[in-house]
Amino acid sequence: MKIKVLGSSAGGGFPQWNCNCRNCNGVRRSTLKATRRTQSSIAVSANGEDWLLVNASPDLLAHIAAHPELQPARRARDSGIAAVLVIDAQIDHVTGLLMLREHDTPLPLYTTDAVWQDLCSGFPVATILSHYCGVEHYRIALDGAPLAIDALNGVQIDALPLSSKAPPYSPHRHAPRHGDNIGLVITNRQTGKRVFYAPGLGAIEAHVLAAMGEADLLLVDGTLWTGDEMIRLGLSKKTAADMGHLQQSGPGGMIEVLDSLEAQNVRKVLIHINNTNPILVEDGPERRLLTEHGIEVAYDGMTFEI
Ligand code: MLT
Ligand code: MN
Ligand code: ZN
């Protein structure tokens, strides 16, 4: 089973078009040791030919251009993207669906009921697509049964409800629903190896910690270094918690959580990194600290064979 990081940044990307923070300015002018990143998405494949797109980023067309595996290769109208799954209805995870409107059959799309409601109301992408290719919607039921995805033969996907946040536009932003956000446990049934993917993790609940403890590869929330990072930079009024994210540093932060895992040989990778996050500076102290804790930082194109 292959996992590709298509976009490793949080919403806005790195650099963000209108952001003049130290990181964005530095990467634009090449005065910082840092690497550009596109917005949040990964792809999973069992056979290297058919891919499940997990999150459809606003940068999806760039992702397809950068990854030949996702490009047409067989028929007149074709794609390596066999199906799409979105873990929430955030703009950075669903806007790319509009770019798939030329699909020659209804687009296979896996979502929870809560996310589907947002995509049919607050941000009616599914309704809009019904005038183009249409959507073949598959429910992620959150009833404990694994998801069987046709294109991923030999791969099991288990969805975990997460405490995070529905998007700002959602009528449920302040009234959380079961299924607004999910994490995924992706298992290669042949090797028994597991990936845990959760780019938005507001809190480490017991079932989340248990899933993290059993994973061989963790791709987890790397959005912000400190809870008040964007406030201190004068860029936002929201804390990490307001946005449904867990900061990395300090007591109860992601570094501490990852340190507490007992499993050996697990790869710990931060993903969905906001452009303000100092871990983007490759020769900076925060990055050094992560390295000391055995934690990696995802980059666009990072690939795993599990
Ligand atoms: C988030 O996860 O909070 C997002 O990256 C925000 C956004 O897409 O604007
Ligand atoms: Mn996001
Ligand atoms: Zn910035």
# chains A, B, ... in the order shown; residues from 1 in each chain; ligands from 1
call {"tool": "closest_atom_pairs", "arguments": {"of": "chain A", "to": "ligand 3", "cutoff": "10 Å", "atoms": "only C-alpha atoms and all ligand atoms", "output": "tab-separated table"}}
result
residue	atom	partner	partner_atom_place_in_ligand_line	distance
A:Gly12	CA	ligand 3	1 (Zn)	8.6
A:Gly13	CA	ligand 3	1 (Zn)	8.6
A:Phe14	CA	ligand 3	1 (Zn)	6.9
A:Pro15	CA	ligand 3	1 (Zn)	6.0
A:Gln16	CA	ligand 3	1 (Zn)	5.7
A:Trp17	CA	ligand 3	1 (Zn)	8.5
A:Asn18	CA	ligand 3	1 (Zn)	7.9
A:Cys19	CA	ligand 3	1 (Zn)	4.5
A:Asn20	CA	ligand 3	1 (Zn)	5.6
A:Cys21	CA	ligand 3	1 (Zn)	4.3
A:Arg22	CA	ligand 3	1 (Zn)	6.7
A:Asn23	CA	ligand 3	1 (Zn)	5.6
A:Cys24	CA	ligand 3	1 (Zn)	4.3
A:Asn25	CA	ligand 3	1 (Zn)	7.2
A:Gly26	CA	ligand 3	1 (Zn)	9.3
A:Val27	CA	ligand 3	1 (Zn)	9.5
A:Met230	CA	ligand 3	1 (Zn)	9.4
A:Leu233	CA	ligand 3	1 (Zn)	9.5
A:Leu235	CA	ligand 3	1 (Zn)	8.6
A:Asn274	CA	ligand 3	1 (Zn)	7.8
A:Asn275	CA	ligand 3	1 (Zn)	4.6
A:Thr276	CA	ligand 3	1 (Zn)	4.8
A:Asn277	CA	ligand 3	1 (Zn)	8.4
call {"tool": "write_last_selection", "arguments": {"atoms": "N, CA and C atoms", "output": "PDB file, in the first residue's frame"}}
result
ATOM      1  N   GLY A  12      -4.824  27.791   3.115  1.00  0.00           N
ATOM      2  CA  GLY A  12      -4.027  28.974   2.793  1.00  0.00           C
ATOM      3  C   GLY A  12      -2.735  28.611   2.082  1.00  0.00           C
ATOM      4  N   GLY A  13      -2.167  27.437   2.432  1.00  0.00           N
ATOM      5  CA  GLY A  13      -0.918  27.013   1.799  1.00  0.00           C
ATOM      6  C   GLY A  13       0.264  27.793   2.329  1.00  0.00           C
ATOM      7  N   PHE A  14       1.438  27.475   1.807  1.00  0.00           N
ATOM      8  CA  PHE A  14       2.679  28.127   2.243  1.00  0.00           C
ATOM      9  C   PHE A  14       3.545  28.444   1.034  1.00  0.00           C
ATOM     10  N   PRO A  15       3.776  29.725   0.699  1.00  0.00           N
ATOM     11  CA  PRO A  15       3.234  30.889   1.394  1.00  0.00           C
ATOM     12  C   PRO A  15       1.757  31.106   1.061  1.00  0.00           C
ATOM     13  N   GLN A  16       1.075  31.767   1.967  1.00  0.00           N
ATOM     14  CA  GLN A  16      -0.326  32.131   1.727  1.00  0.00           C
ATOM     15  C   GLN A  16      -0.343  33.433   0.939  1.00  0.00           C
ATOM     16  N   TRP A  17      -1.230  33.520  -0.039  1.00  0.00           N
ATOM     17  CA  TRP A  17      -1.217  34.619  -1.016  1.00  0.00           C
ATOM     18  C   TRP A  17      -1.131  36.011  -0.400  1.00  0.00           C
ATOM     19  N   ASN A  18      -1.781  36.219   0.753  1.00  0.00           N
ATOM     20  CA  ASN A  18      -1.839  37.582   1.315  1.00  0.00           C
ATOM     21  C   ASN A  18      -1.071  37.692   2.618  1.00  0.00           C
ATOM     22  N   CYS A  19      -0.191  36.727   2.907  1.00  0.00           N
ATOM     23  CA  CYS A  19       0.436  36.716   4.225  1.00  0.00           C
ATOM     24  C   CYS A  19       1.887  37.182   4.173  1.00  0.00           C
ATOM     25  N   ASN A  20       2.175  38.077   5.073  1.00  0.00           N
ATOM     26  CA  ASN A  20       3.511  38.652   5.139  1.00  0.00           C
ATOM     27  C   ASN A  20       4.209  38.248   6.440  1.00  0.00           C
ATOM     28  N   CYS A  21       3.788  37.136   7.028  1.00  0.00           N
ATOM     29  CA  CYS A  21       4.443  36.682   8.264  1.00  0.00           C
ATOM     30  C   CYS A  21       5.891  36.312   7.929  1.00  0.00           C
ATOM     31  N   ARG A  22       6.693  36.113   8.959  1.00  0.00           N
ATOM     32  CA  ARG A  22       8.113  35.838   8.776  1.00  0.00           C
ATOM     33  C   ARG A  22       8.321  34.651   7.826  1.00  0.00           C
ATOM     34  N   ASN A  23       7.520  33.602   8.032  1.00  0.00           N
ATOM     35  CA  ASN A  23       7.671  32.405   7.206  1.00  0.00           C
ATOM     36  C   ASN A  23       7.295  32.669   5.747  1.00  0.00           C
ATOM     37  N   CYS A  24       6.114  33.253   5.534  1.00  0.00           N
ATOM     38  CA  CYS A  24       5.638  33.452   4.160  1.00  0.00           C
ATOM     39  C   CYS A  24       6.559  34.404   3.399  1.00  0.00           C
ATOM     40  N   ASN A  25       6.921  35.497   4.070  1.00  0.00           N
ATOM     41  CA  ASN A  25       7.821  36.461   3.449  1.00  0.00           C
ATOM     42  C   ASN A  25       9.176  35.799   3.151  1.00  0.00           C
ATOM     43  N   GLY A  26       9.663  35.023   4.124  1.00  0.00           N
ATOM     44  CA  GLY A  26      10.979  34.393   3.988  1.00  0.00           C
ATOM     45  C   GLY A  26      11.037  33.358   2.874  1.00  0.00           C
ATOM     46  N   VAL A  27       9.965  32.579   2.722  1.00  0.00           N
ATOM     47  CA  VAL A  27       9.998  31.552   1.667  1.00  0.00           C
ATOM     48  C   VAL A  27       9.817  32.209   0.302  1.00  0.00           C
ATOM     49  N   MET A 230      -1.433  32.534  16.083  1.00  0.00           N
ATOM     50  CA  MET A 230      -1.951  33.474  15.092  1.00  0.00           C
ATOM     51  C   MET A 230      -2.397  34.777  15.753  1.00  0.00           C
ATOM     52  N   LEU A 233       0.788  36.886  16.410  1.00  0.00           N
ATOM     53  CA  LEU A 233       1.309  37.487  15.176  1.00  0.00           C
ATOM     54  C   LEU A 233       0.359  38.558  14.627  1.00  0.00           C
ATOM     55  N   LEU A 235      -2.569  38.009  13.335  1.00  0.00           N
ATOM     56  CA  LEU A 235      -3.149  37.537  12.077  1.00  0.00           C
ATOM     57  C   LEU A 235      -4.565  36.991  12.229  1.00  0.00           C
ATOM     58  N   ASN A 274       0.370  24.935   9.303  1.00  0.00           N
ATOM     59  CA  ASN A 274      -0.017  26.304   8.968  1.00  0.00           C
ATOM     60  C   ASN A 274       1.230  27.124   8.626  1.00  0.00           C
ATOM     61  N   ASN A 275       1.046  28.105   7.738  1.00  0.00           N
ATOM     62  CA  ASN A 275       2.211  28.877   7.266  1.00  0.00           C
ATOM     63  C   ASN A 275       2.908  29.666   8.369  1.00  0.00           C
ATOM     64  N   THR A 276       2.232  29.914   9.479  1.00  0.00           N
ATOM     65  CA  THR A 276       2.867  30.641  10.587  1.00  0.00           C
ATOM     66  C   THR A 276       3.731  29.750  11.470  1.00  0.00           C
ATOM     67  N   ASN A 277       3.653  28.449  11.284  1.00  0.00           N
ATOM     68  CA  ASN A 277       4.285  27.515  12.224  1.00  0.00           C
ATOM     69  C   ASN A 277       5.820  27.543  12.090  1.00  0.00           C
TER      70      ASN A 277
END
call {"tool": "residues_near_ligand", "arguments": {"ligand": "ligand 1", "cutoff": "8 Å", "atoms": "only C-alpha atoms and all ligand atoms", "output": "list in words"}}
result
Ala10, Gly11, Gly12, Ser40, Gln90, Ile91, Asp92, His93, Lys165, Pro167, Pro199, Gly200, Thr223, Met243, Gly244, His245, His272 and Asn274 of chain A
call {"tool": "write_last_selection", "arguments": {"atoms": "C-alpha atoms", "output": "PDB file, in the first residue's frame"}}
result
ATOM      1  CA  ALA A  10      -3.095  23.830   6.223  1.00  0.00           C
ATOM      2  CA  GLY A  11      -5.695  26.058   4.572  1.00  0.00           C
ATOM      3  CA  GLY A  12      -4.027  28.974   2.793  1.00  0.00           C
ATOM      4  CA  SER A  40      -4.034  19.524   2.688  1.00  0.00           C
ATOM      5  CA  GLN A  90     -13.428  22.470   5.511  1.00  0.00           C
ATOM      6  CA  ILE A  91     -12.695  24.618   2.472  1.00  0.00           C
ATOM      7  CA  ASP A  92      -9.151  23.237   2.224  1.00  0.00           C
ATOM      8  CA  HIS A  93     -10.570  19.700   1.944  1.00  0.00           C
ATOM      9  CA  LYS A 165     -14.568  21.716  14.315  1.00  0.00           C
ATOM     10  CA  PRO A 167     -16.067  24.784   9.059  1.00  0.00           C
ATOM     11  CA  PRO A 199      -4.869  16.519  10.095  1.00  0.00           C
ATOM     12  CA  GLY A 200      -7.367  18.152  12.471  1.00  0.00           C
ATOM     13  CA  THR A 223      -1.172  23.040  12.239  1.00  0.00           C
ATOM     14  CA  MET A 243     -10.136  26.091  15.092  1.00  0.00           C
ATOM     15  CA  GLY A 244     -10.254  22.484  16.312  1.00  0.00           C
ATOM     16  CA  HIS A 245      -6.500  21.953  16.380  1.00  0.00           C
ATOM     17  CA  HIS A 272      -1.463  20.113   7.726  1.00  0.00           C
ATOM     18  CA  ASN A 274      -0.017  26.304   8.968  1.00  0.00           C
TER      19      ASN A 274
END
call {"tool": "closest_residue", "arguments": {"among": "A:Tyr132, A:Ala89, A:Ala114, A:Thr127", "to": "ligand 2", "atoms": "only C-alpha atoms and all ligand atoms"}}
result
A:Ala89
call {"tool": "closest_residue", "arguments": {"among": "A:Phe196, A:Leu142, A:Pro168, A:Arg287", "to": "ligand 2", "atoms": "only C-alpha atoms and all ligand atoms"}}
result
A:Pro168
call {"tool": "closest_residue", "arguments": {"among": "A:Leu217, A:Val297, A:Val94, A:Ala241", "to": "Ser163 in chain A", "atoms": "only C-alpha atoms"}}
result
A:Ala241
call {"tool": "closest_residue", "arguments": {"among": "A:Asp300, A:Leu98, A:Asn55, A:Ala82", "to": "Ile128 in chain A", "atoms": "only C-alpha atoms"}}
result
A:Leu98
call {"tool": "residues_around", "arguments": {"residues": "range 263-268 of chain A", "least_positions_apart": "2", "cutoff": "10 Å", "atoms": "only C-alpha atoms", "output": "list in words"}}
result
Arg194, Val195, Phe196, Met212, Gly213, Glu214, Ala215, Asp216, Leu217, Leu218, Leu219, Val220, Ile255, Leu258, Asp259, Ser260, Leu261, Leu270, Ile271, Leu290, His293, Gly294, Ile295, Glu296, Val297 and Ala298 of chain A
call {"tool": "residues_around", "arguments": {"residues": "Asp150 in chain A", "least_positions_apart": "4", "cutoff": "10 Å", "atoms": "only C-alpha atoms", "output": "number ranges by chain"}}
result
A: 50, 52, 82-83, 154-155
